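Raw target.cif, mmCIF, C-alpha atoms:
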data_protein
#
loop_
_atom_site.label_atom_id
_atom_site.label_comp_id
_atom_site.auth_asym_id
_atom_site.auth_seq_id
_atom_site.Cartn_x
_atom_site.Cartn_y
_atom_site.Cartn_z
CA MET A 1 -6.25 113.76 16.78
CA GLU A 2 -7.59 111.45 19.45
CA LYS A 3 -6.48 112.38 22.96
CA ILE A 4 -5.15 109.25 24.66
CA ARG A 5 -4.57 110.05 28.30
CA ILE A 6 -2.63 107.53 30.37
CA LEU A 7 -2.63 107.67 34.15
CA GLY A 8 0.79 106.51 35.32
CA ILE A 9 1.66 105.20 38.80
CA GLU A 10 5.23 104.68 40.05
CA THR A 11 6.20 103.22 43.46
CA SER A 12 9.28 101.13 42.69
CA CYS A 13 11.44 102.64 45.44
CA ASP A 14 10.90 105.67 47.69
CA GLU A 15 8.92 108.07 45.48
CA THR A 16 5.14 107.84 45.40
CA SER A 17 4.21 109.33 42.05
CA ALA A 18 1.21 109.66 39.75
CA ALA A 19 0.90 111.52 36.46
CA VAL A 20 -1.33 111.98 33.44
CA VAL A 21 0.35 112.04 30.03
CA GLU A 22 -1.45 112.76 26.77
CA ASN A 23 -0.46 110.89 23.60
CA GLY A 24 2.84 109.80 25.13
CA ARG A 25 4.36 113.29 25.06
CA ALA A 26 2.47 115.98 26.95
CA ALA A 27 2.60 115.72 30.73
CA LEU A 28 -0.67 117.15 31.99
CA SER A 29 0.42 116.47 35.57
CA ASP A 30 3.27 114.84 37.47
CA VAL A 31 2.90 114.60 41.23
CA ILE A 32 5.72 113.16 43.34
CA TYR A 33 5.84 112.57 47.06
CA SER A 34 9.49 112.07 48.03
CA GLN A 35 10.52 110.15 51.13
CA ILE A 36 14.09 111.48 51.20
CA GLU A 37 13.72 113.23 54.56
CA GLU A 38 12.27 110.07 56.12
CA HIS A 39 15.12 107.87 54.94
CA LYS A 40 17.93 110.38 55.45
CA LYS A 41 18.36 109.44 59.11
CA TYR A 42 19.15 105.85 58.05
CA GLY A 43 21.60 106.80 55.30
CA GLY A 44 19.53 105.08 52.61
CA VAL A 45 16.15 103.65 51.71
CA VAL A 46 14.58 101.30 54.26
CA PRO A 47 12.24 99.04 52.23
CA GLU A 48 9.62 98.50 54.95
CA ILE A 49 9.35 102.23 55.66
CA ALA A 50 9.09 102.95 51.94
CA SER A 51 6.22 100.50 51.53
CA ARG A 52 4.31 101.92 54.49
CA ARG A 53 4.66 105.50 53.25
CA HIS A 54 3.42 104.49 49.80
CA ILE A 55 0.29 103.04 51.43
CA VAL A 56 -0.33 106.27 53.30
CA LYS A 57 0.27 108.61 50.34
CA ILE A 58 -0.81 106.88 47.14
CA ASP A 59 -4.51 107.75 47.26
CA ASP A 60 -3.78 111.46 47.76
CA VAL A 61 -1.04 111.49 45.11
CA VAL A 62 -3.25 109.91 42.44
CA ALA A 63 -6.11 112.27 43.29
CA ALA A 64 -3.72 115.23 43.06
CA ALA A 65 -2.47 114.09 39.63
CA LEU A 66 -6.02 113.95 38.25
CA ASP A 67 -6.84 117.30 39.82
CA GLU A 68 -3.69 118.95 38.46
CA ALA A 69 -4.55 117.65 34.98
CA GLY A 70 -8.11 118.98 35.35
CA LEU A 71 -9.52 115.54 34.61
CA GLU A 72 -11.70 112.89 36.16
CA LEU A 73 -11.20 109.15 35.98
CA ARG A 74 -13.76 108.88 33.17
CA ASP A 75 -11.41 111.02 31.03
CA ILE A 76 -8.57 108.50 31.35
CA SER A 77 -7.84 105.95 28.59
CA ALA A 78 -5.78 103.45 30.62
CA VAL A 79 -3.80 102.97 33.81
CA ALA A 80 -0.07 102.23 33.52
CA VAL A 81 1.96 101.08 36.52
CA THR A 82 5.50 99.99 37.27
CA HIS A 83 5.56 96.26 38.08
CA GLY A 84 9.33 95.79 38.20
CA PRO A 85 12.16 95.91 38.84
CA GLY A 86 12.27 97.49 42.29
CA LEU A 87 11.54 96.85 45.96
CA VAL A 88 8.85 94.19 46.01
CA GLY A 89 6.83 95.71 48.86
CA ALA A 90 6.90 99.15 47.29
CA LEU A 91 5.97 97.79 43.86
CA LEU A 92 2.99 95.90 45.27
CA VAL A 93 1.45 99.06 46.72
CA GLY A 94 1.34 100.85 43.37
CA LEU A 95 0.45 97.73 41.42
CA ASN A 96 -2.48 96.74 43.62
CA PHE A 97 -3.80 100.30 43.64
CA ALA A 98 -3.59 100.45 39.84
CA LYS A 99 -5.25 97.07 39.40
CA ALA A 100 -8.14 98.06 41.66
CA MET A 101 -8.56 101.41 39.93
CA ALA A 102 -8.48 99.90 36.44
CA TYR A 103 -10.95 97.17 37.41
CA GLY A 104 -13.34 99.58 39.14
CA ALA A 105 -13.32 102.07 36.26
CA ASP A 106 -13.28 99.39 33.53
CA LEU A 107 -9.99 100.72 32.12
CA PRO A 108 -7.16 98.80 30.44
CA LEU A 109 -4.22 97.99 32.72
CA ILE A 110 -0.66 98.28 31.43
CA GLY A 111 2.34 96.91 33.34
CA VAL A 112 5.48 98.92 32.61
CA HIS A 113 9.10 97.93 33.07
CA HIS A 114 10.87 100.57 35.15
CA ILE A 115 13.79 100.86 32.70
CA ALA A 116 11.39 101.23 29.76
CA GLY A 117 9.93 104.11 31.76
CA HIS A 118 13.34 105.78 32.13
CA ILE A 119 13.88 105.43 28.39
CA ALA A 120 10.47 106.99 27.74
CA SER A 121 11.31 109.99 29.91
CA ASN A 122 13.14 111.27 26.84
CA TYR A 123 9.84 111.50 24.94
CA LEU A 124 8.22 113.85 27.46
CA GLU A 125 7.82 117.41 26.22
CA SER A 126 10.04 116.65 23.21
CA ASP A 127 10.00 115.19 19.70
CA TRP A 128 12.81 112.70 20.46
CA ARG A 129 12.25 109.40 18.66
CA PRO A 130 13.96 106.03 18.18
CA PRO A 131 16.35 104.68 17.09
CA PHE A 132 18.97 105.77 19.63
CA VAL A 133 21.30 104.44 22.30
CA SER A 134 20.20 105.08 25.87
CA LEU A 135 22.46 105.31 28.90
CA ILE A 136 20.43 104.44 32.00
CA VAL A 137 22.33 105.55 35.07
CA SER A 138 20.71 105.59 38.51
CA GLY A 139 21.01 104.30 42.05
CA GLY A 140 19.90 100.82 41.07
CA HIS A 141 20.78 100.55 37.38
CA THR A 142 23.59 101.30 34.94
CA GLN A 143 22.89 100.03 31.44
CA LEU A 144 23.50 100.83 27.80
CA ILE A 145 20.50 99.95 25.64
CA HIS A 146 20.01 100.17 21.89
CA VAL A 147 16.45 101.46 21.51
CA LYS A 148 15.56 100.27 18.04
CA ASP A 149 11.91 101.27 18.35
CA TYR A 150 9.48 102.28 21.09
CA ASP A 151 9.04 98.64 22.04
CA ASN A 152 12.27 97.07 20.76
CA PHE A 153 15.22 97.11 23.16
CA LYS A 154 18.63 95.44 22.99
CA ILE A 155 20.77 95.55 26.13
CA LEU A 156 24.35 96.31 25.06
CA GLY A 157 25.86 96.34 28.53
CA LYS A 158 25.05 96.58 32.22
CA THR A 159 26.75 96.82 35.58
CA LEU A 160 28.24 93.62 36.93
CA ASP A 161 28.12 94.84 40.53
CA ASP A 162 27.35 98.31 41.90
CA ALA A 163 25.32 100.75 39.83
CA ALA A 164 26.93 104.17 39.40
CA GLY A 165 24.41 105.86 41.69
CA GLU A 166 24.92 103.18 44.32
CA ALA A 167 28.69 103.81 44.21
CA TYR A 168 28.03 107.54 44.64
CA ASP A 169 25.93 106.90 47.74
CA LYS A 170 28.47 104.51 49.28
CA VAL A 171 31.40 106.87 48.71
CA ALA A 172 29.34 109.73 50.14
CA ARG A 173 28.80 107.71 53.32
CA CYS A 174 32.55 107.08 53.54
CA LEU A 175 33.08 110.84 53.36
CA GLY A 176 30.43 111.49 56.01
CA LEU A 177 28.08 113.19 53.57
CA PRO A 178 24.28 113.02 54.04
CA TYR A 179 21.85 110.97 51.96
CA PRO A 180 21.21 111.17 49.04
CA GLY A 181 24.93 111.04 48.39
CA GLY A 182 24.97 111.61 44.63
CA LEU A 183 23.88 115.22 44.90
CA GLU A 184 26.31 115.87 47.76
CA ILE A 185 29.26 114.37 45.85
CA ASP A 186 28.41 116.52 42.82
CA ARG A 187 28.33 119.66 44.97
CA LEU A 188 31.53 118.87 46.87
CA ALA A 189 33.41 117.90 43.72
CA GLN A 190 33.01 121.40 42.32
CA ALA A 191 35.47 122.63 44.95
CA GLY A 192 37.99 119.82 44.34
CA ASN A 193 40.74 118.83 41.92
CA ALA A 194 39.59 115.97 39.69
CA ASN A 195 43.21 115.03 38.95
CA ALA A 196 44.37 114.95 42.57
CA ILE A 197 43.96 111.17 42.95
CA ASP A 198 44.29 108.60 40.17
CA PHE A 199 41.41 106.29 41.04
CA PRO A 200 41.00 103.23 38.77
CA ARG A 201 38.82 103.09 35.67
CA VAL A 202 37.47 99.61 34.97
CA TRP A 203 37.03 98.94 31.23
CA LEU A 204 36.44 95.14 31.29
CA GLY A 205 38.21 94.51 28.01
CA ALA A 206 38.00 95.84 24.47
CA GLY A 207 34.50 95.98 23.07
CA SER A 208 32.76 95.47 26.42
CA PHE A 209 29.88 97.76 27.30
CA ASP A 210 29.47 96.32 30.79
CA PHE A 211 30.33 98.34 33.89
CA SER A 212 31.94 97.68 37.26
CA PHE A 213 32.17 100.28 40.03
CA SER A 214 32.78 98.15 43.13
CA GLY A 215 36.57 98.31 42.69
CA LEU A 216 36.46 102.08 42.41
CA LYS A 217 34.39 102.27 45.58
CA SER A 218 36.92 100.05 47.35
CA ALA A 219 39.80 102.20 46.08
CA VAL A 220 38.23 105.28 47.69
CA LEU A 221 37.77 103.43 50.97
CA ASN A 222 41.36 102.14 50.86
CA HIS A 223 42.62 105.68 50.22
CA LEU A 224 40.73 106.98 53.24
CA ASN A 225 41.88 104.12 55.49
CA SER A 226 45.49 104.50 54.37
CA ALA A 227 45.43 108.21 55.14
CA LYS A 228 43.89 107.59 58.55
CA MET A 229 46.46 104.94 59.48
CA GLY A 230 49.29 107.18 58.32
CA GLY A 231 47.97 110.18 60.18
CA ARG A 232 47.56 112.15 56.96
CA LYS A 233 44.81 114.66 56.33
CA VAL A 234 42.60 114.22 53.30
CA ASN A 235 40.83 116.76 51.17
CA PRO A 236 37.22 115.51 50.83
CA ALA A 237 36.61 117.78 47.83
CA ASP A 238 39.58 116.30 45.96
CA ILE A 239 38.39 112.78 46.75
CA ALA A 240 34.86 113.59 45.56
CA ALA A 241 36.12 115.24 42.37
CA SER A 242 38.60 112.44 41.57
CA PHE A 243 36.01 109.72 42.24
CA GLN A 244 33.41 111.49 40.12
CA GLN A 245 35.90 111.94 37.28
CA ALA A 246 36.63 108.20 37.30
CA VAL A 247 32.93 107.34 37.07
CA VAL A 248 32.19 109.91 34.38
CA ASP A 249 35.18 108.90 32.24
CA VAL A 250 33.88 105.33 32.00
CA LEU A 251 30.25 106.30 31.42
CA VAL A 252 31.12 108.77 28.67
CA LYS A 253 33.67 106.62 26.83
CA LYS A 254 31.46 103.53 26.81
CA SER A 255 28.39 105.54 25.73
CA ILE A 256 30.23 107.03 22.75
CA ALA A 257 31.63 103.62 21.80
CA ALA A 258 28.17 102.04 22.07
CA CYS A 259 26.73 104.61 19.66
CA GLN A 260 29.56 103.97 17.21
CA THR A 261 29.20 100.19 17.43
CA ALA A 262 25.41 100.35 17.02
CA GLY A 263 25.79 102.69 14.06
CA CYS A 264 23.52 105.18 15.79
CA GLY A 265 24.29 108.89 16.00
CA LYS A 266 21.85 109.63 18.83
CA LEU A 267 22.37 109.21 22.57
CA ALA A 268 19.73 109.67 25.27
CA VAL A 269 20.45 109.62 28.99
CA ALA A 270 18.02 108.83 31.82
CA GLY A 271 18.00 107.98 35.50
CA GLY A 272 18.81 109.98 38.61
CA VAL A 273 22.54 110.29 37.89
CA ALA A 274 21.64 111.95 34.57
CA ALA A 275 21.03 115.07 36.66
CA ASN A 276 24.73 115.12 37.65
CA SER A 277 26.22 118.37 36.36
CA HIS A 278 29.67 116.97 35.51
CA LEU A 279 28.23 114.01 33.62
CA ARG A 280 25.96 116.29 31.60
CA ARG A 281 28.81 118.64 30.67
CA SER A 282 31.16 115.78 29.79
CA LEU A 283 28.56 114.06 27.59
CA GLU A 284 27.77 117.32 25.82
CA LYS A 285 31.45 117.84 25.04
CA ALA A 286 32.09 114.26 23.92
CA CYS A 287 28.96 114.03 21.78
CA ALA A 288 29.77 117.32 20.05
CA ALA A 289 33.28 116.06 19.31
CA HIS A 290 31.97 112.81 17.77
CA GLY A 291 28.96 114.23 15.90
CA ILE A 292 26.43 112.50 18.14
CA VAL A 293 23.10 114.13 18.96
CA LEU A 294 22.52 114.14 22.73
CA HIS A 295 19.23 114.29 24.61
CA ILE A 296 18.90 114.50 28.39
CA PRO A 297 15.47 115.01 30.02
CA LYS A 298 14.98 117.89 32.38
CA PRO A 299 16.06 117.00 35.95
CA ALA A 300 12.47 116.37 37.14
CA TYR A 301 12.17 113.53 34.61
CA CYS A 302 15.59 112.02 35.42
CA THR A 303 14.60 110.75 38.85
CA ASP A 304 11.79 108.22 39.37
CA ASN A 305 8.46 109.69 38.27
CA ALA A 306 5.11 108.52 37.00
CA ALA A 307 5.11 110.66 33.86
CA MET A 308 7.75 108.41 32.34
CA ILE A 309 5.64 105.33 33.21
CA ALA A 310 2.59 106.85 31.54
CA ALA A 311 4.67 107.78 28.49
CA ALA A 312 5.97 104.22 28.17
CA GLY A 313 2.47 102.82 28.66
CA TYR A 314 1.16 104.86 25.75
CA TYR A 315 3.13 102.78 23.24
CA ASP A 316 1.65 99.56 24.62
CA TYR A 317 -1.81 101.15 24.53
CA ILE A 318 -1.71 102.05 20.84
CA LYS A 319 -0.74 98.44 20.03
CA GLY A 320 -3.46 97.01 22.27
CA ARG A 321 -1.06 95.30 24.67
CA PHE A 322 -2.81 95.13 28.04
CA ASP A 323 -2.38 93.12 31.23
CA GLY A 324 -4.92 91.21 33.28
CA PRO A 325 -5.59 91.00 37.02
CA GLY A 326 -2.84 88.40 37.39
CA LEU A 327 -0.11 90.99 36.73
CA ASN A 328 2.43 90.63 39.53
CA ALA A 329 5.27 92.64 41.01
CA VAL A 330 8.65 91.25 39.93
CA PRO A 331 11.61 92.84 41.74
CA SER A 332 14.17 91.45 39.25
CA LEU A 333 12.13 91.94 36.07
CA VAL A 334 14.26 91.64 32.93
CA LEU A 335 13.91 93.94 29.94
CA GLY A 336 14.39 92.02 26.71
CA GLU A 337 14.38 92.71 23.03
CA SER A 338 11.10 93.46 21.26
CA ASN A 339 9.50 94.21 24.63
CA GLU A 340 9.67 90.52 25.59
CA ILE A 341 9.65 90.76 29.37
CA ALA A 342 10.57 87.80 31.54
CA LYS A 343 7.92 87.73 34.27
CA ALA A 344 9.64 85.58 36.85
CA THR A 345 7.70 84.36 39.87
CA LEU A 346 8.52 85.68 43.30
#
Can you dump the structure from the file as C-alpha cells?
Amino acid sequence: MEKIRILGIETSCDETSAAVVENGRAALSDVIYSQIEEHKKYGGVVPEIASRRHIVKIDDVVAAALDEAGLELRDISAVAVTHGPGLVGALLVGLNFAKAMAYGADLPLIGVHHIAGHIASNYLESDWRPPFVSLIVSGGHTQLIHVKDYDNFKILGKTLDDAAGEAYDKVARCLGLPYPGGLEIDRLAQAGNANAIDFPRVWLGAGSFDFSFSGLKSAVLNHLNSAKMGGRKVNPADIAASFQQAVVDVLVKKSIAACQTAGCGKLAVAGGVAANSHLRRSLEKACAAHGIVLHIPKPAYCTDNAAMIAAAGYYDYIKGRFDGPGLNAVPSLVLGESNEIAKATL
C-alpha cells in the first residue's frame, strides 16, 4: 500500500501545531505548542499575542513534527493547513508558512476547514468511518453535522449565540476561576450538586437541532448577583455542577435526536469540550440506552491539533483536490454539503 504522508499545520487560535499523518489514520507525529500560560493573565485569548507567538514558534514546531516522524520534507506527499474559520491573524501565520513550504518543496497544498479537521480527528488511530452524526463542541463552535461521507457534510444545527465552550469560560470568569475555564468548571463540578439550582435548558422548539447558551450564562450571572445583593453565600461547586448539567442535558438530548432523525446509529464527538468528563459519561450512558455507537477521540485529539488537519487533508489528496497560491485565510469560513466551502473575501 502506498504511504501517503500529509504534513498538517494548525494555527487557527492559540495552539501552534504541526503533525505528520500517514494514509489519513496513523499519526507519525503531533507537536503542539500551547499558549495557555501566556493568555491566562488576560482571562482569554488575545488575538495579537496569539499571532505573534505563532510567528515565533511555527518554524520550530514544524521541524519538530518532521523530526518526531523520522522524516524529511522529501518524504511528504502534501501540506495541509487550516485556512478558516478562526482568528484571521493566527490563520495567516500558518497559511503563509504552509504556502511557502509547499511552493519551495513543489508539494500540493490543501486548505482544510477547521471543523472538517475536528470531524477527522475521529479517524486518527481508529477504523471509524462515515456515515455518522458528529457533535462538534468547543470554545468557538457547537454544531451537529451529518457526515454522509469523508467529504460530504450536512449541518443539522449550530449555536445561535455562544458556543458551549465559550459559555463555560464566561461562567468560570464569573466564579473567579482561572483560564481555561472549561477544565476548571469540570473539576469544581465534581464536588457540587448538579440538582442544586434549576438553570434553564433552551430547546428552541420541537425538531430544532440549533443551540443557545447565552441565556444560561445570563441565568448564572443573575443568580450570583441576586445572592450578592441579598447577602447570601453561594456554593461555587453547586453552581458549576448545575450549570454543567444544564449544558450537558441539551447537548446529549439533541445529539441523540439528531442521530434518530438522520437514521444514523453512530455518533462521533470532537472539539475541546469533548474532553469534559461529565459530557463523556452522559453520552456513553445515553448512547447505550438508545443503541447508538459512540466514538470520542482521545483527549489529545479533542483540542486543536494538526494531526486532525492532516487527516482531513488526506481525503482531499486522494481525490486530487488541491489549492493554489491564492488560498486565503477566511475567519468565518462556512462548511457546506459535499465539501462545498464558501470562500468569502476578507
Exercise for review: Select, from A:Ser208, A:Tyr103, A:Ser214, A:Ser34, the residue with the minimum atom-to-atom distance to Val171 (chain A), counting all atoms listed in the file.
Suggested key: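 For Val171 (chain A), the nearest of the candidates is A:Ser214.
The two atoms in question, CA of Leu294 (chain A) and CA of Lys266 (chain A), are spaced 6.0 Å apart.
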Counting only C-alpha atoms, give me one row per residue of region 79-147 of chain A with an atom at most 8 Å from an atom of region 51-66 of chain A, showing the shortest contact pair and its distance in Å to one decimal, sorted by chain then residue number, as CSV.
residue,atom,partner,partner_atom,distance
A:Gly89,CA,A:Ser51,CA,5.5
A:Ala90,CA,A:Ser51,CA,4.5
A:Val93,CA,A:Ile55,CA,6.3
A:Gly94,CA,A:Ile58,CA,7.4
Point to revise | Target residues per the PyMOL selection byres ((chain A and resi 175) around 12), formatted as a PyMOL selection string | key: chain A and resi 168-174+176-179+181-182+184-185+188-189+217+220-221+223-225+234-240+243
Point to revise | Ground truth for the PyMOL selection byres ((chain A and resi 160) around 7), written as a list in words | key: Lys158, Thr159, Asp161, Asp162, Asp210, Phe211 and Ser212 of chain A
Exercise for review: Determine, counting all atoms listed in the file, which protein, DNA and RNA residues have an atom within 7 Å of an atom of Leu124 (chain A); residues of the same chain fewer than 3 positions away are not included. Present the result as a list in words.
Suggested key: Arg25, Ala26, Ala27 and Ser121 of chain A
Practice item. Figure out the distance between CA of His39 (chain A) and CA of Ala307 (chain A), please, to one decimal in Å. Key: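 Computing the Euclidean distance for CA of Ala307 (chain A) and CA of His39 (chain A) yields 23.5 Å.
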Exercise for review: Give as a ChimeraX atom specification the residues that the PyMOL selection byres ((chain A and resi 131-144) around 9) matches when applied to the coordinates above.
Suggested key: /A:86,115,118-119,129-130,145-150,154-159,162-169,182,209-211,251,254-255,258-259,262,264-274,302-303
Output file for the selection above: C-alpha atoms, as an mmCIF file, in the frame of the given file:
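Output contents, as saved in again-v5.cif:
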data_model
loop_
_atom_site.group_PDB
_atom_site.id
_atom_site.type_symbol
_atom_site.label_atom_id
_atom_site.label_comp_id
_atom_site.auth_asym_id
_atom_site.auth_seq_id
_atom_site.Cartn_x
_atom_site.Cartn_y
_atom_site.Cartn_z
ATOM 1 C CA GLY A 86 12.270 97.490 42.290
ATOM 2 C CA ILE A 115 13.790 100.860 32.700
ATOM 3 C CA HIS A 118 13.340 105.780 32.130
ATOM 4 C CA ILE A 119 13.880 105.430 28.390
ATOM 5 C CA ARG A 129 12.250 109.400 18.660
ATOM 6 C CA PRO A 130 13.960 106.030 18.180
ATOM 7 C CA ILE A 145 20.500 99.950 25.640
ATOM 8 C CA HIS A 146 20.010 100.170 21.890
ATOM 9 C CA VAL A 147 16.450 101.460 21.510
ATOM 10 C CA LYS A 148 15.560 100.270 18.040
ATOM 11 C CA ASP A 149 11.910 101.270 18.350
ATOM 12 C CA TYR A 150 9.480 102.280 21.090
ATOM 13 C CA LYS A 154 18.630 95.440 22.990
ATOM 14 C CA ILE A 155 20.770 95.550 26.130
ATOM 15 C CA LEU A 156 24.350 96.310 25.060
ATOM 16 C CA GLY A 157 25.860 96.340 28.530
ATOM 17 C CA LYS A 158 25.050 96.580 32.220
ATOM 18 C CA THR A 159 26.750 96.820 35.580
ATOM 19 C CA ASP A 162 27.350 98.310 41.900
ATOM 20 C CA ALA A 163 25.320 100.750 39.830
ATOM 21 C CA ALA A 164 26.930 104.170 39.400
ATOM 22 C CA GLY A 165 24.410 105.860 41.690
ATOM 23 C CA GLU A 166 24.920 103.180 44.320
ATOM 24 C CA ALA A 167 28.690 103.810 44.210
ATOM 25 C CA TYR A 168 28.030 107.540 44.640
ATOM 26 C CA ASP A 169 25.930 106.900 47.740
ATOM 27 C CA GLY A 182 24.970 111.610 44.630
ATOM 28 C CA PHE A 209 29.880 97.760 27.300
ATOM 29 C CA ASP A 210 29.470 96.320 30.790
ATOM 30 C CA PHE A 211 30.330 98.340 33.890
ATOM 31 C CA LEU A 251 30.250 106.300 31.420
ATOM 32 C CA LYS A 254 31.460 103.530 26.810
ATOM 33 C CA SER A 255 28.390 105.540 25.730
ATOM 34 C CA ALA A 258 28.170 102.040 22.070
ATOM 35 C CA CYS A 259 26.730 104.610 19.660
ATOM 36 C CA ALA A 262 25.410 100.350 17.020
ATOM 37 C CA CYS A 264 23.520 105.180 15.790
ATOM 38 C CA GLY A 265 24.290 108.890 16.000
ATOM 39 C CA LYS A 266 21.850 109.630 18.830
ATOM 40 C CA LEU A 267 22.370 109.210 22.570
ATOM 41 C CA ALA A 268 19.730 109.670 25.270
ATOM 42 C CA VAL A 269 20.450 109.620 28.990
ATOM 43 C CA ALA A 270 18.020 108.830 31.820
ATOM 44 C CA GLY A 271 18.000 107.980 35.500
ATOM 45 C CA GLY A 272 18.810 109.980 38.610
ATOM 46 C CA VAL A 273 22.540 110.290 37.890
ATOM 47 C CA ALA A 274 21.640 111.950 34.570
ATOM 48 C CA CYS A 302 15.590 112.020 35.420
ATOM 49 C CA THR A 303 14.600 110.750 38.850
#
Check your understanding: In Å to one decimal, how far is CA of Ile197 (chain A) from CA of Ala246 (chain A)?
Key ->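 Interatomic distance here is 9.7 Å.
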**Study point:** Residue among A:Gly313, A:Gly111, A:Pro200, A:Gly104 lying closest to Gln245 (chain A), counting only C-alpha atoms
**Key:**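 Nearest to Gln245 (chain A): A:Pro200.
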Which residues of region 71-162 of chain A come within 7 Å of region 318-328 of chain A, and what is each one's closest atom pair and distance in Å (one decimal), counting all atoms listed in the file, sorted by chain and residue number, as a Markdown table?
| residue | atom | partner | partner_atom | distance |
| --- | --- | --- | --- | --- |
| A:His83 | CA | A:Asn328 | CA | 6.6 |
| A:Lys99 | CA | A:Pro325 | CA | 6.5 |
| A:Pro108 | CA | A:Phe322 | CA | 6.2 |
| A:Leu109 | CA | A:Asp323 | CA | 5.4 |
| A:Ile110 | CA | A:Phe322 | CA | 5.1 |
| A:Gly111 | CA | A:Asp323 | CA | 6.4 |
